[in-house]
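To be precise, the following lines are query.cif, and they hold mmCIF, C-alpha atoms.
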data_run
#
loop_
_atom_site.group_PDB
_atom_site.id
_atom_site.type_symbol
_atom_site.label_atom_id
_atom_site.label_comp_id
_atom_site.auth_asym_id
_atom_site.auth_seq_id
_atom_site.Cartn_x
_atom_site.Cartn_y
_atom_site.Cartn_z
ATOM 1 C CA MET A 1110 34.581 8.276 -29.054
ATOM 2 C CA VAL A 1111 36.837 7.373 -31.956
ATOM 3 C CA LEU A 1112 35.779 5.518 -35.094
ATOM 4 C CA LEU A 1113 38.136 3.027 -36.674
ATOM 5 C CA THR A 1114 37.510 1.549 -40.118
ATOM 6 C CA ARG A 1115 39.073 -1.452 -41.775
ATOM 7 C CA LYS A 1116 38.521 -2.304 -45.413
ATOM 8 C CA ILE A 1117 38.649 -5.734 -47.061
ATOM 9 C CA GLU A 1118 37.752 -6.988 -50.511
ATOM 10 C CA PHE A 1119 36.228 -10.247 -51.592
ATOM 11 C CA SER A 1120 34.954 -11.620 -54.864
ATOM 12 C CA ALA A 1121 31.781 -13.656 -55.131
ATOM 13 C CA SER A 1122 29.022 -14.598 -57.518
ATOM 14 C CA HIS A 1123 25.272 -14.390 -57.132
ATOM 15 C CA PHE A 1124 21.978 -13.969 -58.956
ATOM 16 C CA TYR A 1125 18.554 -12.732 -57.931
ATOM 17 C CA HIS A 1126 15.615 -15.084 -58.140
ATOM 18 C CA ASN A 1127 12.482 -15.453 -56.040
ATOM 19 C CA PRO A 1128 10.891 -18.918 -56.438
ATOM 20 C CA ASP A 1129 7.496 -17.424 -55.528
ATOM 21 C CA PHE A 1130 7.598 -15.166 -58.597
ATOM 22 C CA SER A 1131 6.736 -16.282 -62.123
ATOM 23 C CA PRO A 1132 9.645 -16.291 -64.621
ATOM 24 C CA GLU A 1133 8.250 -13.063 -66.137
ATOM 25 C CA GLU A 1134 7.981 -11.408 -62.737
ATOM 26 C CA ASN A 1135 11.551 -12.449 -61.871
ATOM 27 C CA ARG A 1136 12.815 -10.929 -65.103
ATOM 28 C CA ARG A 1137 10.797 -7.764 -64.625
ATOM 29 C CA VAL A 1138 11.846 -7.177 -61.008
ATOM 30 C CA PHE A 1139 15.456 -8.327 -61.163
ATOM 31 C CA GLY A 1140 16.361 -7.597 -64.793
ATOM 32 C CA LYS A 1141 19.825 -8.807 -65.827
ATOM 33 C CA CYS A 1142 20.525 -9.930 -62.257
ATOM 34 C CA ASN A 1143 18.025 -12.760 -62.773
ATOM 35 C CA ASN A 1144 20.389 -14.614 -65.157
ATOM 36 C CA PRO A 1145 20.399 -18.133 -63.623
ATOM 37 C CA HIS A 1146 24.062 -18.645 -64.509
ATOM 38 C CA GLY A 1147 24.914 -15.910 -62.020
ATOM 39 C CA HIS A 1148 27.433 -13.109 -62.273
ATOM 40 C CA GLY A 1149 30.083 -11.749 -59.931
ATOM 41 C CA HIS A 1150 31.376 -8.674 -58.163
ATOM 42 C CA ASN A 1151 34.456 -7.477 -56.370
ATOM 43 C CA TYR A 1152 32.865 -6.493 -53.096
ATOM 44 C CA THR A 1153 34.527 -3.951 -50.830
ATOM 45 C CA LEU A 1154 33.594 -4.128 -47.182
ATOM 46 C CA GLU A 1155 34.251 -1.282 -44.734
ATOM 47 C CA VAL A 1156 33.807 -2.187 -41.093
ATOM 48 C CA THR A 1157 33.718 0.672 -38.596
ATOM 49 C CA VAL A 1158 34.181 0.128 -34.866
ATOM 50 C CA ALA A 1159 33.520 2.828 -32.261
ATOM 51 C CA GLY A 1160 35.229 3.116 -28.917
ATOM 52 C CA GLU A 1161 37.605 4.944 -26.621
ATOM 53 C CA PRO A 1162 41.324 4.426 -27.198
ATOM 54 C CA ASP A 1163 42.865 2.318 -24.429
ATOM 55 C CA PRO A 1164 45.068 4.660 -22.321
ATOM 56 C CA VAL A 1165 47.965 2.201 -22.391
ATOM 57 C CA THR A 1166 47.947 0.952 -26.005
ATOM 58 C CA GLY A 1167 46.262 3.953 -27.616
ATOM 59 C CA MET A 1168 44.033 1.547 -29.564
ATOM 60 C CA VAL A 1169 40.249 1.186 -29.775
ATOM 61 C CA LEU A 1170 40.895 -2.447 -30.617
ATOM 62 C CA ASP A 1171 43.830 -4.389 -31.966
ATOM 63 C CA LEU A 1172 43.665 -4.151 -35.768
ATOM 64 C CA LYS A 1173 45.256 -7.614 -36.027
ATOM 65 C CA GLU A 1174 42.344 -9.007 -34.091
ATOM 66 C CA LEU A 1175 39.812 -7.224 -36.315
ATOM 67 C CA LYS A 1176 41.662 -8.528 -39.367
ATOM 68 C CA GLU A 1177 41.415 -12.090 -38.014
ATOM 69 C CA ILE A 1178 37.701 -11.707 -37.259
ATOM 70 C CA LEU A 1179 37.069 -10.428 -40.810
ATOM 71 C CA GLU A 1180 39.147 -13.248 -42.282
ATOM 72 C CA ARG A 1181 37.267 -15.888 -40.309
ATOM 73 C CA GLU A 1182 33.736 -14.506 -40.490
ATOM 74 C CA VAL A 1183 33.664 -12.906 -43.939
ATOM 75 C CA MET A 1184 36.565 -13.982 -46.173
ATOM 76 C CA GLN A 1185 36.331 -17.686 -45.427
ATOM 77 C CA ARG A 1186 32.572 -17.662 -45.852
ATOM 78 C CA MET A 1187 32.190 -15.440 -48.907
ATOM 79 C CA ASP A 1188 35.426 -14.980 -50.848
ATOM 80 C CA HIS A 1189 35.308 -16.823 -54.182
ATOM 81 C CA ARG A 1190 31.959 -18.356 -53.269
ATOM 82 C CA HIS A 1191 28.537 -18.444 -54.867
ATOM 83 C CA LEU A 1192 26.407 -16.463 -52.413
ATOM 84 C CA ASN A 1193 23.156 -18.200 -53.406
ATOM 85 C CA TYR A 1194 24.469 -21.714 -52.723
ATOM 86 C CA GLU A 1195 27.413 -21.570 -50.372
ATOM 87 C CA VAL A 1196 26.602 -19.118 -47.596
ATOM 88 C CA LEU A 1197 24.328 -20.696 -45.027
ATOM 89 C CA GLU A 1198 23.361 -17.361 -43.454
ATOM 90 C CA LEU A 1199 21.956 -16.130 -46.779
ATOM 91 C CA ALA A 1200 19.825 -19.243 -47.388
ATOM 92 C CA GLY A 1201 16.284 -18.284 -48.378
ATOM 93 C CA GLN A 1202 17.242 -14.639 -48.924
ATOM 94 C CA ILE A 1203 17.954 -12.774 -52.133
ATOM 95 C CA PRO A 1204 21.696 -11.975 -51.910
ATOM 96 C CA THR A 1205 21.334 -8.247 -52.499
ATOM 97 C CA CYS A 1206 23.790 -5.743 -51.107
ATOM 98 C CA GLU A 1207 21.247 -4.887 -48.379
ATOM 99 C CA ASN A 1208 20.862 -8.505 -47.237
ATOM 100 C CA ILE A 1209 24.590 -9.313 -47.416
ATOM 101 C CA ALA A 1210 25.399 -6.212 -45.348
ATOM 102 C CA ARG A 1211 22.868 -7.276 -42.713
ATOM 103 C CA VAL A 1212 24.243 -10.843 -42.611
ATOM 104 C CA ILE A 1213 27.774 -9.469 -42.189
ATOM 105 C CA TRP A 1214 26.561 -7.175 -39.397
ATOM 106 C CA ASN A 1215 24.971 -10.128 -37.587
ATOM 107 C CA LEU A 1216 28.146 -12.198 -37.972
ATOM 108 C CA LEU A 1217 30.467 -9.454 -36.739
ATOM 109 C CA GLU A 1218 28.516 -7.760 -33.962
ATOM 110 C CA PRO A 1219 28.870 -10.555 -31.369
ATOM 111 C CA LYS A 1220 32.565 -11.073 -32.224
ATOM 112 C CA ILE A 1221 33.632 -7.493 -31.651
ATOM 113 C CA VAL A 1222 34.005 -7.202 -27.910
ATOM 114 C CA GLN A 1223 36.551 -4.386 -27.702
ATOM 115 C CA GLY A 1224 34.745 -1.299 -28.901
ATOM 116 C CA LYS A 1225 31.366 -1.583 -30.548
ATOM 117 C CA LEU A 1226 30.445 -2.318 -34.145
ATOM 118 C CA HIS A 1227 29.295 1.026 -35.532
ATOM 119 C CA ARG A 1228 28.728 0.552 -39.229
ATOM 120 C CA VAL A 1229 29.057 -2.032 -41.977
ATOM 121 C CA ARG A 1230 29.299 -0.606 -45.479
ATOM 122 C CA LEU A 1231 29.338 -3.045 -48.368
ATOM 123 C CA TYR A 1232 30.130 -1.844 -51.874
ATOM 124 C CA GLU A 1233 28.882 -4.113 -54.652
ATOM 125 C CA THR A 1234 30.390 -1.752 -57.212
ATOM 126 C CA PRO A 1235 32.078 1.615 -56.622
ATOM 127 C CA ASP A 1236 28.684 3.239 -57.351
ATOM 128 C CA LEU A 1237 26.413 1.044 -55.253
ATOM 129 C CA TYR A 1238 26.584 0.210 -51.566
ATOM 130 C CA ALA A 1239 24.495 -0.651 -48.524
ATOM 131 C CA ASP A 1240 25.085 0.654 -45.001
ATOM 132 C CA CYS A 1241 23.991 -1.219 -41.909
ATOM 133 C CA TYR A 1242 23.987 0.297 -38.423
ATOM 134 C CA ARG A 1243 21.874 0.395 -35.286
ATOM 135 C CA ASN A 1244 19.178 3.019 -35.258
ATOM 136 C CA GLY A 1245 20.306 5.916 -33.150
ATOM 137 C CA ALA A 1246 23.939 5.614 -34.235
ATOM 138 C CA LYS A 1247 24.926 8.241 -36.766
ATOM 139 C CA SER A 1248 25.281 6.700 -40.214
ATOM 140 C CA GLN A 1249 28.577 8.461 -40.988
ATOM 141 C CA MET B 414 22.884 -3.956 -28.343
ATOM 142 C CA SER B 415 20.082 -1.464 -28.464
ATOM 143 C CA GLY B 416 18.266 0.021 -31.424
ATOM 144 C CA LYS B 417 16.822 -1.667 -34.456
ATOM 145 C CA LEU B 418 19.126 -2.501 -37.357
ATOM 146 C CA LYS B 419 18.868 0.128 -40.047
ATOM 147 C CA ILE B 420 19.834 -0.403 -43.672
ATOM 148 C CA GLU B 421 20.586 2.338 -46.174
ATOM 149 C CA LEU B 422 21.271 2.062 -49.855
ATOM 150 C CA GLY B 423 23.819 4.406 -51.405
ATOM 151 C CA ARG B 424 24.126 5.047 -55.105
ATOM 152 C CA ARG B 425 26.517 7.332 -56.986
ATOM 153 C CA TYR B 426 25.551 9.307 -60.088
ATOM 154 C CA ARG B 427 27.519 11.702 -62.265
ATOM 155 C CA PHE B 428 26.859 14.803 -64.272
ATOM 156 C CA ALA B 429 29.006 17.543 -65.785
ATOM 157 C CA ALA B 430 27.938 21.174 -65.610
ATOM 158 C CA SER B 431 29.294 24.694 -65.518
ATOM 159 C CA HIS B 432 28.630 27.475 -63.050
ATOM 160 C CA ARG B 433 29.824 30.862 -61.864
ATOM 161 C CA LEU B 434 29.884 31.934 -58.231
ATOM 162 C CA HIS B 435 28.668 35.508 -58.185
ATOM 163 C CA THR B 436 25.935 37.339 -56.304
ATOM 164 C CA SER B 437 24.246 40.601 -57.201
ATOM 165 C CA GLN B 438 24.157 41.365 -53.464
ATOM 166 C CA LEU B 439 27.881 42.077 -53.456
ATOM 167 C CA SER B 440 29.952 44.575 -55.409
ATOM 168 C CA ASP B 441 32.212 43.337 -58.199
ATOM 169 C CA GLU B 442 35.233 43.767 -55.924
ATOM 170 C CA GLU B 443 33.588 41.840 -53.115
ATOM 171 C CA ASN B 444 32.517 39.056 -55.493
ATOM 172 C CA CYS B 445 36.080 38.825 -56.707
ATOM 173 C CA ARG B 446 37.439 38.760 -53.156
ATOM 174 C CA VAL B 447 34.932 36.172 -51.893
ATOM 175 C CA TYR B 448 34.727 33.825 -54.868
ATOM 176 C CA GLY B 449 38.150 34.332 -56.445
ATOM 177 C CA LYS B 450 38.632 32.333 -59.655
ATOM 178 C CA CYS B 451 35.086 30.986 -59.346
ATOM 179 C CA ASP B 452 33.763 34.473 -60.156
ATOM 180 C CA ASN B 453 35.138 34.321 -63.724
ATOM 181 C CA PRO B 454 32.232 35.726 -65.819
ATOM 182 C CA PHE B 455 32.682 33.014 -68.437
ATOM 183 C CA GLY B 456 31.990 30.323 -65.841
ATOM 184 C CA HIS B 457 33.824 27.034 -65.382
ATOM 185 C CA GLY B 458 32.760 23.414 -64.992
ATOM 186 C CA HIS B 459 33.006 20.326 -62.823
ATOM 187 C CA ASN B 460 32.370 16.625 -63.055
ATOM 188 C CA TYR B 461 29.943 16.322 -60.193
ATOM 189 C CA VAL B 462 29.406 13.036 -58.358
ATOM 190 C CA VAL B 463 26.098 12.837 -56.513
ATOM 191 C CA GLU B 464 25.760 10.202 -53.812
ATOM 192 C CA VAL B 465 22.136 9.520 -52.915
ATOM 193 C CA SER B 466 21.296 7.572 -49.722
ATOM 194 C CA VAL B 467 17.860 6.110 -49.095
ATOM 195 C CA SER B 468 16.526 3.972 -46.273
ATOM 196 C CA GLY B 469 13.546 1.733 -45.662
ATOM 197 C CA GLU B 470 12.475 -1.793 -44.889
ATOM 198 C CA VAL B 471 14.145 -4.512 -46.936
ATOM 199 C CA ASP B 472 11.341 -6.273 -48.815
ATOM 200 C CA PRO B 473 11.795 -10.008 -48.106
ATOM 201 C CA ALA B 474 10.452 -10.877 -51.577
ATOM 202 C CA THR B 475 13.112 -8.865 -53.404
ATOM 203 C CA GLY B 476 15.837 -8.337 -50.810
ATOM 204 C CA MET B 477 15.737 -4.656 -51.680
ATOM 205 C CA ILE B 478 14.925 -1.342 -49.999
ATOM 206 C CA ALA B 479 14.007 0.026 -53.408
ATOM 207 C CA ASN B 480 14.435 -1.318 -56.883
ATOM 208 C CA LEU B 481 17.555 0.289 -58.338
ATOM 209 C CA ALA B 482 15.866 0.704 -61.692
ATOM 210 C CA ASP B 483 13.224 2.907 -59.998
ATOM 211 C CA LEU B 484 15.839 4.999 -58.169
ATOM 212 C CA ASP B 485 17.981 5.311 -61.299
ATOM 213 C CA SER B 486 15.097 6.461 -63.470
ATOM 214 C CA PHE B 487 13.903 8.939 -60.808
ATOM 215 C CA VAL B 488 17.383 10.470 -60.503
ATOM 216 C CA GLU B 489 17.815 10.464 -64.275
ATOM 217 C CA ARG B 490 14.551 12.355 -64.733
ATOM 218 C CA HIS B 491 14.900 14.831 -61.851
ATOM 219 C CA ILE B 492 18.655 15.451 -61.749
ATOM 220 C CA ILE B 493 20.678 14.151 -64.680
ATOM 221 C CA GLU B 494 18.403 15.363 -67.478
ATOM 222 C CA PRO B 495 17.992 18.922 -66.152
ATOM 223 C CA PHE B 496 21.605 19.331 -64.905
ATOM 224 C CA ASP B 497 23.945 17.360 -67.179
ATOM 225 C CA ARG B 498 25.849 19.472 -69.712
ATOM 226 C CA ARG B 499 24.114 22.642 -68.516
ATOM 227 C CA TYR B 500 25.133 26.064 -67.256
ATOM 228 C CA LEU B 501 23.574 25.948 -63.801
ATOM 229 C CA ASN B 502 23.263 29.740 -63.381
ATOM 230 C CA GLU B 503 21.188 30.178 -66.532
ATOM 231 C CA GLU B 504 19.521 26.843 -67.151
ATOM 232 C CA VAL B 505 18.318 25.794 -63.698
ATOM 233 C CA ALA B 506 15.637 28.147 -62.427
ATOM 234 C CA ALA B 507 16.646 27.728 -58.774
ATOM 235 C CA PHE B 508 20.053 29.259 -59.499
ATOM 236 C CA ARG B 509 18.921 32.434 -61.241
ATOM 237 C CA GLU B 510 18.835 34.157 -57.827
ATOM 238 C CA THR B 511 20.767 31.708 -55.662
ATOM 239 C CA VAL B 512 24.508 31.176 -56.028
ATOM 240 C CA PRO B 513 25.141 27.651 -57.363
ATOM 241 C CA THR B 514 27.700 26.690 -54.748
ATOM 242 C CA THR B 515 27.813 22.977 -54.134
ATOM 243 C CA GLU B 516 26.215 23.611 -50.722
ATOM 244 C CA ASN B 517 23.188 25.087 -52.499
ATOM 245 C CA LEU B 518 23.333 22.376 -55.139
ATOM 246 C CA CYS B 519 23.051 19.744 -52.361
ATOM 247 C CA ILE B 520 19.943 21.473 -51.013
ATOM 248 C CA GLU B 521 18.379 21.797 -54.484
ATOM 249 C CA ILE B 522 19.029 18.157 -55.329
ATOM 250 C CA PHE B 523 17.703 17.041 -51.938
ATOM 251 C CA GLN B 524 14.476 18.989 -52.574
ATOM 252 C CA ARG B 525 14.109 17.397 -55.995
ATOM 253 C CA LEU B 526 14.666 13.858 -54.708
ATOM 254 C CA LYS B 527 12.837 13.952 -51.375
ATOM 255 C CA ASN B 528 9.580 12.837 -52.963
ATOM 256 C CA PHE B 529 11.056 9.572 -54.255
ATOM 257 C CA PRO B 530 8.050 7.359 -53.623
ATOM 258 C CA LYS B 531 9.770 4.020 -52.930
ATOM 259 C CA ALA B 532 12.114 4.851 -50.001
ATOM 260 C CA LYS B 533 13.044 7.628 -47.582
ATOM 261 C CA LEU B 534 15.701 10.026 -48.788
ATOM 262 C CA GLU B 535 18.352 10.233 -46.057
ATOM 263 C CA ARG B 536 21.123 12.283 -47.554
ATOM 264 C CA VAL B 537 22.610 13.869 -50.643
ATOM 265 C CA ARG B 538 26.403 14.097 -50.808
ATOM 266 C CA ILE B 539 28.078 15.818 -53.720
ATOM 267 C CA GLU B 540 31.719 15.676 -54.744
ATOM 268 C CA GLU B 541 32.452 18.842 -56.682
ATOM 269 C CA THR B 542 35.975 17.586 -57.274
ATOM 270 C CA GLY B 543 37.833 14.618 -55.843
ATOM 271 C CA ASN B 544 38.907 16.879 -52.956
ATOM 272 C CA ASN B 545 35.692 18.754 -52.066
ATOM 273 C CA SER B 546 32.464 17.181 -50.939
ATOM 274 C CA PHE B 547 29.271 18.515 -49.386
ATOM 275 C CA GLU B 548 26.360 16.806 -47.644
ATOM 276 C CA TYR B 549 22.782 17.723 -46.869
ATOM 277 C CA SER B 550 20.236 15.686 -44.913
ATOM 278 C CA GLY B 551 17.316 18.078 -45.013
ATOM 279 C CA GLU B 552 17.780 19.701 -41.596
ATOM 280 C CA LEU B 553 17.068 23.176 -42.953
ATOM 281 C CA GLN B 554 13.414 23.827 -43.573
ATOM 282 C CA GLU B 555 13.898 26.564 -46.145
ATOM 283 C CA ASN B 556 16.468 27.081 -48.829
ATOM 284 C CA PRO B 557 18.665 29.673 -47.127
ATOM 285 C CA GLY B 558 19.808 31.252 -50.391
ATOM 286 C CA GLY B 559 23.347 31.702 -51.487
ATOM 287 C CA ASN B 560 24.427 34.879 -49.704
ATOM 288 C CA ARG B 561 26.801 33.371 -47.177
ATOM 289 C CA PRO B 562 29.575 36.001 -47.334
#
Using the file provided, produce a representation of the structure as C-alpha cells.
Amino acid sequence: MVLLTRKIEFSASHFYHNPDFSPEENRRVFGKCNNPHGHGHNYTLEVTVAGEPDPVTGMVLDLKELKEILEREVMQRMDHRHLNYEVLELAGQIPTCENIARVIWNLLEPKIVQGKLHRVRLYETPDLYADCYRNGAKSQ
Amino acid sequence: MSGKLKIELGRRYRFAASHRLHTSQLSDEENCRVYGKCDNPFGHGHNYVVEVSVSGEVDPATGMIANLADLDSFVERHIIEPFDRRYLNEEVAAFRETVPTTENLCIEIFQRLKNFPKAKLERVRIEETGNNSFEYSGELQENPGGNRP
C-alpha cells in the first residue's frame, strides 16, 4: 500500500458559540473564540489517500482528479466563507477544527473511488490541527 | 467503509533546553565514539518542538475533544515549566541516570502527559531540530533507560 497526500489551503472565518450556554458560560468555555464578530484562519488541509499504484500508470489515483474533488468539495464550500453561516454541513455544530475535519472527511470519502481515503488532517494554525481517520487505520 | 471515525487533536509546543549525551556505562573513548559532538562536557542546546496528540469523543456542546486551554495549561505545568531553559541532565531528575536523547525525552514526556484527565494521550512527537524527529505512543511498558550503544 502506498499513501499519497495532497495539500490545499483555504481561508475562512468562524466563531464559537453554543446557544444553549449562558453568555458567561460561552465566554468561559470558548474564551476569545466566542467574539460574535468572528475571526479567521488560513487553514491547511492535508488529504491522504491509500492504495496500490496502478501497474500501467504507476498512480494510486490521478492527482488532477483529487485536485478537482478538493476544489469542488472543499474550496468552493469553505474558501473565503464564514463557516458558521455559509457551510450547510456545519449547521448546528461548533466549527472547531475537529468538526470541520469530520465534515471534510464525510464530503470526501464517497468521492474518492480510486484508492481509499486514509486520513484528513486540518491545520487551523501551524500549531493546532485535527486528524480524522477510520479506526483501525494507522493515524500516520 | 468499516471502522468508526476517529478524531485526534494535535498541538505543538516549544521549549529550549541544553543536554549532553554521555553515559557512565561507557568509557570516555566509547562515549566520544558513540555520541560524537553531543558528548561535549559543556553540553549544547536545542529548540525542541513537542507535538502532542490526544483523542476522544467530540463533545457536541463544544465541538471539542478537549478544551485547548486545559491541554495548554497541563502541558505548561508538566513540560514547559520544568524543561524550558534548563539543563536536562542536571535539572530533570529522570535524566540524572538516563541519557537525555530525544528518544528518552519522548518517553519521559509521554509519561508526564499520559494522565491528562480530559482526553486520551495518543502520541508524543518531538522535533529536536528541523531535520530530526522522534515519536512515542506508549508501547513500551517500562522506561528502557538510555544505554542503547
Set the cut-off to 6 Å and count all atoms listed in the file: what are the residues of chain A that reach chain B? Output as number ranges by chain. A: 1203, 1205, 1236-1244
Residues near range 1162-1170 of chain A, cut-off 7 Å, all atoms listed in the file, skip fewer than 2 positions along chain, as a ChimeraX atom specification: /A:1160,1172,1223-1224
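Of the residues listed (A:Leu1113, A:Val1138, A:Ala1121, A:Ala1210), A:Ala1121 shows the shortest atom-to-atom separation from His1191 in chain A; distances use all atoms listed in the file.
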If the PyMOL selection byres ((chain B and resi 542) around 10) were run on this exact file, what residues would it hold? Put them as a JSON list (two decimals) with C-alpha atoms, in the coordinates of the input.
[["chain", "number", "residue", "atom", "x", "y", "z"],
["B", 459, "HIS", "CA", 33.01, 20.33, -62.82],
["B", 460, "ASN", "CA", 32.37, 16.62, -63.06],
["B", 461, "TYR", "CA", 29.94, 16.32, -60.19],
["B", 462, "VAL", "CA", 29.41, 13.04, -58.36],
["B", 539, "ILE", "CA", 28.08, 15.82, -53.72],
["B", 540, "GLU", "CA", 31.72, 15.68, -54.74],
["B", 541, "GLU", "CA", 32.45, 18.84, -56.68],
["B", 543, "GLY", "CA", 37.83, 14.62, -55.84],
["B", 544, "ASN", "CA", 38.91, 16.88, -52.96],
["B", 545, "ASN", "CA", 35.69, 18.75, -52.07],
["B", 546, "SER", "CA", 32.46, 17.18, -50.94]]
For a test of reading the model, state the distance in Å between CA of Val1156 in chain A and CA of Arg1115 in chain A, rounded to one decimal.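 Result for CA of Val1156 in chain A versus CA of Arg1115 in chain A: 5.4 Å, one decimal.
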Measuring between all atoms listed in the file, which one of B:Glu516, B:Glu548, B:Glu504, B:Asp483 shows the shortest distance to Ser431 in chain B? B:Glu504
Work out where the centre of an axis-aligned box around every listed atom of range 454-473 of chain B lies and how long its edges are once 3 Å is added on each side; give both in Å to one decimal as JSON.
{"center_x": 22.6, "center_y": 12.9, "center_z": -56.7, "size_x": 28.5, "size_y": 51.7, "size_z": 29.5}
Report the distance between CA of Val447 in chain B and CA of Arg509 in chain B in Å, rounded to one decimal place. 18.9 Å
Just checking: using all atoms listed in the file, which residue out of B:Thr511, B:Ile492, B:Arg536, B:Ala506 ends up closest to Gln438 in chain B? B:Thr511
Using all atoms listed in the file, the best pick from A:Pro1235, A:Arg1181, A:Ala1159, A:Tyr1194 as closest to Val1111 in chain A would be A:Ala1159
For the structure shown, which residues end up in the PyMOL selection byres ((chain A and resi 1198) around 12)? Put them as a list in words, please?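 On this input, the PyMOL selection byres ((chain A and resi 1198) around 12) captures Glu1182, Val1183, Arg1186, Met1187, Leu1192, Asn1193, Tyr1194, Glu1195, Val1196, Leu1197, Leu1199, Ala1200, Gly1201, Gln1202, Ile1203, Pro1204, Asn1208, Ile1209, Ala1210, Arg1211, Val1212, Ile1213, Trp1214, Asn1215 and Leu1216 of chain A.
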For CA of Arg1230 in chain A and CA of Glu1155 in chain A, determine how far apart the two atoms are, in Å to one decimal place. 5.1 Å
Which residues would end up in the selection if the PyMOL selection byres ((chain B and resi 519) around 10) were applied here, given that I need the answer as number ranges by chain? B: 463, 513-518, 520-525, 536-540, 546-551
Nearest to Pro1128 in chain A by atom-to-atom distance, counting all atoms listed in the file, from A:Asn1143, A:Thr1153, A:Glu1233, A:Lys1116: A:Asn1143
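Residue nearest Val512 in chain B within the list B:Ala532, B:Glu443, B:Cys451, B:Ala429: B:Cys451 [criterion: smallest interatomic distance, all atoms listed in the file].
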